[in-house]
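Here's the structure, in C-alpha cells; my notes come after.
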Amino acid sequence: MNSPILILRAAAVALAVLLMWANIPSAQTQAQTSQKAKSTTALPRISTSGSYLAARHASNLRDAAAAATYYQVALRGDPRNPELLNRAFTSVLQSGEIDEAARLAERLLQVDKGDRLARLVLGVKAIKQKQNGAARQQLAQSVRGPVTDLAAALLGAWTQVGPNDSKAALETIEKLGGPESYNPLKDLHAGLILDMAGQRRDALKRLESAYKSDPNALRAAQAYGGQLARLGNRDEALKVFNAYDEVLPRHPLVIEAIRDIENGRRVAPIVDSPLAGAAEALYSIGSSLGRRGEDVSIVYLQLALYLVPNHALALTSLAEIHEGMRKFELAIRAYERVPATSPISLHARIQRAINLDRLDRTEEAVADLEKLVGANPADRDSKIALGGIQRARKNFAECAVTYSKVIDGFTRKDKTDWVIYYFRGICYERSKQWPKAEVDMKTALELSPDQADVLNYLGYSWIDQGVHLEEGMRMIRRAVEQRPDDGYIVDSLGWAYFRMGNFENAVKHLEQAVELKPDDPTINDHLGDAYWRVGRQLEARFQWTHARDLKPEPEDLVKIEEKLKSGLPDDPPSSTSADTTAKPGGG
C-alpha cells in the first residue's frame with residue numbers, strides 16, 4: 001500500500017507540472033515566437049526542470065520549434081549539461097534555425113570533437129559563407145556515418161568546382177567507398193560538376209549512368225534528358241522525359257521540359273552554381289531518406305534550404321514529411337515558401353488547400369481551389385483536389401459536377417483515368433443518380449479491369465439492389481482475392497452474403513472483417529445484424545453497443561439504437577427489399 005507521504009509527494013509533483021503547463025505558451029504560439037525572436041532574451045522564463053519537461057512534451061508531439069525553444073531555456077539554466085546541449089542542437093536544427101544550430105554545434109564540439117552532425121552543420125555554414133577551405137576541413141571530420149560520409153564527399157566535391165576545373169572535385173567523389181546505393185548519386189553529381197566545368201560530353205556519360213541506374217528517379221531523368229537536349233539530341237531527350245511521364249504522369253518539371261523541347265527552348269540545368277550543387281546534394285540525401293528516417297531527412301532538407309531557401313523540391317519534400325507526421329500547419333508553411341515562378345507552384349498551392357481542409361478550414365480550402373480552377377481552366381489537378389474535398393465532406397452532388405469538369409477535359413480515355421470515373425460514380429451513387437453511377441463504374445473497369453475498389457463497389461451495389469447477383473458476387477470475391485486483408489472489402493463480401501440470406505457465411509466473413517477493422521462502426525453493426533439472424537442475440541447486442549460507441553453517422557446511430565431496443569424484424573429482408581443505406585467499404 002502506498003504511504004500517505006508518497007501520495008502527497010506524487011500529488012505535489014502533479015500539481016507542479018499542471019501549474020507549469022498552465023503558464024507555458026502553446027507549441028504553435030511558441031513556434032511562432034521562436035521564428036520572430038532568435039535571441040535568448042526572447043525565451044520564456046520557466047524553471048530548468050519545467051522547460052525540460054515542456055521540451056520533452058513538444059518533442060513527443062514532433063514540434064521541433066517549440067522543443068528547440070524550451071531546450072534552450074533549460075540549457076540556459078544548466079549550460080554544462082551535454083544531454084540538454086545535444087537535444088537543443090537537434091531540435092534547433094530540425095526547426096530550420098541553422099545559424100543557431102551552428103552556434104550550438106561549436107559548443108558540442110567542445111564536449112565531443114567527433115560529433116559528425118555538428119561538423120556537417122559547420123561545414124554547410126562555411127559553404128554558405130563561401131569559405132570553401134574551412135568547409136572541407138569541417139566535412140573531413142564528419143565522415144564516420146553511413147549518411148554523413150556521402151554528404152561530406154558530395155559537399156566537399158562541390159567546394160572544389162572551378163570555372164574550367166573538375167579534377168579535384170571528381171577525385172573527392174571517386175574516393176568515396178560505401179554501398180552500391182551510393183553510385184547513382186555519385187554519378188549524378190559527377191555529371192553535374194562536369195557540366196558546370198564545361199565538359200559536357202563527359203557529363204553526359206555520367207548522367208546517363210545515373211539515369212540507367214534508376215530511370216524513374218526524377219533528378220536523374222531531368223539531368224540526363226536536359227543534357228541530351230542541350231547537346232542537340234532533342235529526340236532522345238523527349239524519349240527520356242516521355243518514358244518518365246508514362247510511369248509517373250504529369251510531373252510539373254517533366255511537363256515543362258517536354259514543352260521546352262517541343263517549342264525549341266533551352267532546357268535549363270538543374271543546378272547553376274556550386275552553392276546550388278551543394279544544396280542539391282543535401283536535398284538528394286534528404287529526399288531519398290524520406291519517411292524511412294523522418295528526423296534525419298528533415299535535417300538534410302533544412303540544410304539544403306539554408307543554402308538555397310527557395311529550393312522548390314526540398315520545400316515540397318519537407319512539406320510531405322510534415323504531412324506524414326500530421327503536422328499540417330508546418331506543411332502549409334513549407335508549401336507557401338515555394339516560389340510562384342516555379343513549375344511546382346500550382347502543385348504547392350493545391351496541397352496547401354488540401355492541408356487547410358485537413359485542419360477543418362474547409363471553406364478556405366474550397367475557396368482557394370475554386371480560384372485555382374478559375375485561373376487555370378485546363379488544369380485537372382485543381383479540379384481533382386476540389387472534387388476530393390467535396391466527396392470527403394459528403395457534398396456528393398457538387399463533387400459529381402466537379403469530376404464531370406475533369407472528364408469533359410479528356411481528349412482521350414487513358415487507363416490511369418479509371419479513378420476519376422470511379423470517384424464520379426461514387427458521387428452519382430451517393431446523390432441517388434444510380435444509372436449514371438453504374439455507367440461510370442463500368443467505364444472504370446473497362447479502363448482498368450482489376451481494380452479492387454471498383455469491383456467491390458459495383459458488385460456490392462448490384463447485390464444490394466437484387467440485380468446481377470452472381471456477377472456481383474464474383475466481383476466482390478475477385479476484390480477479396482486481391483486484398484484479403486482489407487477489412488472494408490471483406491465486410492462487403494460478408495454483407496453481400498447477409499443480403500442474400502446466407503447468414504452463416506455472413507457471420508464468417510464479417511467476423512474476419514471486424515478483426516481487420518475493429519474500430520469501424522459500420523462493420524461492427526453488420527456483424528451484430530448477422531449474429532441476430534443466426535440466433536446469437538446476446539452477441540448481436542454487444543456488437544451493436546460497440547458500434548454505437550464508435551460514433552457512427554447520425555442516421556446510422558438512430559437505426560443502431562432502435563435495434564438495441566427491439567432487435568431486428570422477425571422476417572429477414574430479401575436483397576430486393578432490404579434497406580439500401582449501407583455502402584460498400586472503401587467508398
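For the C-alpha cells, the naming scheme is as follows: chains receive sequential letters (A, B, ...) according to their order of presentation, residues are indexed from 1 within each chain, and ligands are indexed from 1 in presentation order.
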
(message) With DSSP run on the backbone, what are the helix (DSSP H, G or I) residues within stretch 293-448 of chain A? I'd like them as a PyMOL selection string.
(response) chain A and resi 293-307+312-324+328-336+345-358+362-375+380-392+396-408+415-430+434-447

(request) For A:Ala153, please output as a PyMOL selection string all residues within 7 Å (counting only C-alpha atoms; exclusion window: fewer than 4 positions along the same chain). (result) chain A and resi 149+157+172-173+176

(request) With a distance cut-off of 8 Å and only C-alpha atoms, select the neighbouring residues of stretch 470-472 of chain A, excluding the residue or stretch itself and same-chain residues fewer than 2 positions from it, and output the selection as a list in words. (result)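 These residues fall inside the cut-off: Leu458, Gly459, Tyr460, Ser461, Trp462, Ile463, His468, Arg474, Met475 and Ile476 of chain A.
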
(request) May I have the residues within 9 Å of stretch 301-311 of chain A as a ChimeraX atom specification, using only C-alpha atoms and disregarding those fewer than 4 positions away in the same chain? (result) /A:93-99,121,124-125,127-128,275-276,278-287,296-297,315-318,337-339

For those residues, write C-alpha atoms to a file as a PDB file, in the first residue's frame.
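Final output, part_11.pdb:
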```pdb
ATOM      1  CA  LEU A  93      18.434  22.031 -36.487  1.00  0.00           C
ATOM      2  CA  GLN A  94      15.136  20.297 -37.296  1.00  0.00           C
ATOM      3  CA  SER A  95      13.261  23.574 -36.894  1.00  0.00           C
ATOM      4  CA  GLY A  96      15.463  25.138 -39.582  1.00  0.00           C
ATOM      5  CA  GLU A  97      17.356  27.653 -37.410  1.00  0.00           C
ATOM      6  CA  ILE A  98      20.713  26.755 -38.894  1.00  0.00           C
ATOM      7  CA  ASP A  99      22.710  29.738 -37.647  1.00  0.00           C
ATOM      8  CA  VAL A 121      26.389  21.818 -39.885  1.00  0.00           C
ATOM      9  CA  VAL A 124      27.398  23.752 -44.526  1.00  0.00           C
ATOM     10  CA  LYS A 125      27.579  27.145 -42.830  1.00  0.00           C
ATOM     11  CA  ILE A 127      29.800  26.766 -47.722  1.00  0.00           C
ATOM     12  CA  LYS A 128      27.101  29.390 -47.301  1.00  0.00           C
ATOM     13  CA  LEU A 275      26.154  26.577 -53.945  1.00  0.00           C
ATOM     14  CA  ALA A 276      23.096  25.206 -55.746  1.00  0.00           C
ATOM     15  CA  ALA A 278      25.705  21.631 -52.608  1.00  0.00           C
ATOM     16  CA  ALA A 279      22.039  22.293 -51.829  1.00  0.00           C
ATOM     17  CA  GLU A 280      21.076  19.678 -54.415  1.00  0.00           C
ATOM     18  CA  ALA A 281      23.348  17.140 -52.712  1.00  0.00           C
ATOM     19  CA  LEU A 282      21.658  17.755 -49.368  1.00  0.00           C
ATOM     20  CA  TYR A 283      18.223  17.597 -50.995  1.00  0.00           C
ATOM     21  CA  SER A 284      19.163  14.353 -52.784  1.00  0.00           C
ATOM     22  CA  ILE A 285      20.067  12.686 -49.495  1.00  0.00           C
ATOM     23  CA  GLY A 286      17.148  14.109 -47.541  1.00  0.00           C
ATOM     24  CA  SER A 287      14.543  13.150 -50.100  1.00  0.00           C
ATOM     25  CA  VAL A 296      17.327  12.752 -40.341  1.00  0.00           C
ATOM     26  CA  SER A 297      15.566  13.601 -43.592  1.00  0.00           C
ATOM     27  CA  LEU A 315      10.317  22.548 -49.774  1.00  0.00           C
ATOM     28  CA  THR A 316       7.770  20.083 -51.144  1.00  0.00           C
ATOM     29  CA  SER A 317       9.713  17.115 -49.729  1.00  0.00           C
ATOM     30  CA  LEU A 318       9.782  18.806 -46.330  1.00  0.00           C
ATOM     31  CA  ARG A 337       7.528  29.180 -49.476  1.00  0.00           C
ATOM     32  CA  VAL A 338       7.565  27.561 -52.934  1.00  0.00           C
ATOM     33  CA  PRO A 339       8.299  30.383 -55.406  1.00  0.00           C
TER      34      PRO A 339
END
```

(request) Skip A:Lys508 itself and residues of its chain fewer than 3 positions away, then list as a VMD selection string all residues within 12 Å of it, counting only C-alpha atoms. (result) chain A and resid 490 to 491 493 to 495 497 to 498 502 to 505 511 to 515 526 to 527 530 to 531 534

(message) Considering only C-alpha atoms, can you say which of A:Leu568, A:Ala54, A:Ala365, A:Leu346 comes closest to A:Gly535?
(response)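 Checking each candidate against A:Gly535, we get A:Leu568 as the closest.
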
(message) Report, in Å to a single decimal, how far apart atom CA of A:Arg483 and atom CA of A:Ser448 are.
(response) 16.0 Å

(request) For stretch 206-211 of chain A, list every protein, DNA or RNA residue within 7 Å, evaluated using only C-alpha atoms, and leave out those in the same chain fewer than 4 positions away; present the list as a PyMOL selection string. (result) chain A and resi 184+187-188+190-191+202+215+220-221+223-224

C-alpha atoms of the current selection, written as an mmCIF file, in the first residue's frame:
```cif
data_model
loop_
_atom_site.group_PDB
_atom_site.id
_atom_site.type_symbol
_atom_site.label_atom_id
_atom_site.label_comp_id
_atom_site.auth_asym_id
_atom_site.auth_seq_id
_atom_site.Cartn_x
_atom_site.Cartn_y
_atom_site.Cartn_z
ATOM 1 C CA PRO A 184 23.580 6.792 -58.698
ATOM 2 C CA ASP A 187 27.227 9.625 -60.979
ATOM 3 C CA LEU A 188 24.545 12.328 -60.870
ATOM 4 C CA ALA A 190 29.821 13.969 -61.010
ATOM 5 C CA GLY A 191 27.824 14.673 -64.167
ATOM 6 C CA ASP A 202 31.874 13.605 -70.223
ATOM 7 C CA PRO A 215 15.041 5.749 -64.925
ATOM 8 C CA ALA A 220 18.391 11.620 -62.912
ATOM 9 C CA ALA A 221 15.803 11.820 -65.699
ATOM 10 C CA ALA A 223 19.614 15.890 -65.651
ATOM 11 C CA TYR A 224 20.156 13.301 -68.398
#
```

(request) May I have the residues within 10 Å of A:His347 as a ChimeraX atom specification, using only C-alpha atoms and disregarding those fewer than 4 positions away in the same chain? (result) /A:251-252,316,335,338,342-343,351-353,381-382

Any chance you could export the current selection's C-alpha atoms as a compact mmCIF listing (two decimals), in the first residue's frame?
```
# COMPACT_ATOMS: atom_id res chain seq x y z
CA HIS A 251 5.04 15.87 -63.02
CA PRO A 252 5.28 19.67 -63.48
CA THR A 316 7.77 20.08 -51.14
CA TYR A 335 4.22 24.96 -49.42
CA VAL A 338 7.56 27.56 -52.93
CA SER A 342 8.40 27.53 -60.04
CA PRO A 343 6.58 24.93 -62.17
CA GLN A 351 -1.50 20.77 -51.50
CA ARG A 352 -1.78 23.83 -49.27
CA ALA A 353 -5.55 23.78 -49.81
CA ASP A 381 -5.28 18.59 -60.66
CA SER A 382 -7.04 21.56 -59.06
```

(request) Counting only C-alpha atoms, figure out which residue out of A:Leu359, A:Gln129, A:Met441, A:Leu75 gets nearest to A:Leu104. (result)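 For A:Leu104, the nearest of the given residues is A:Leu75.
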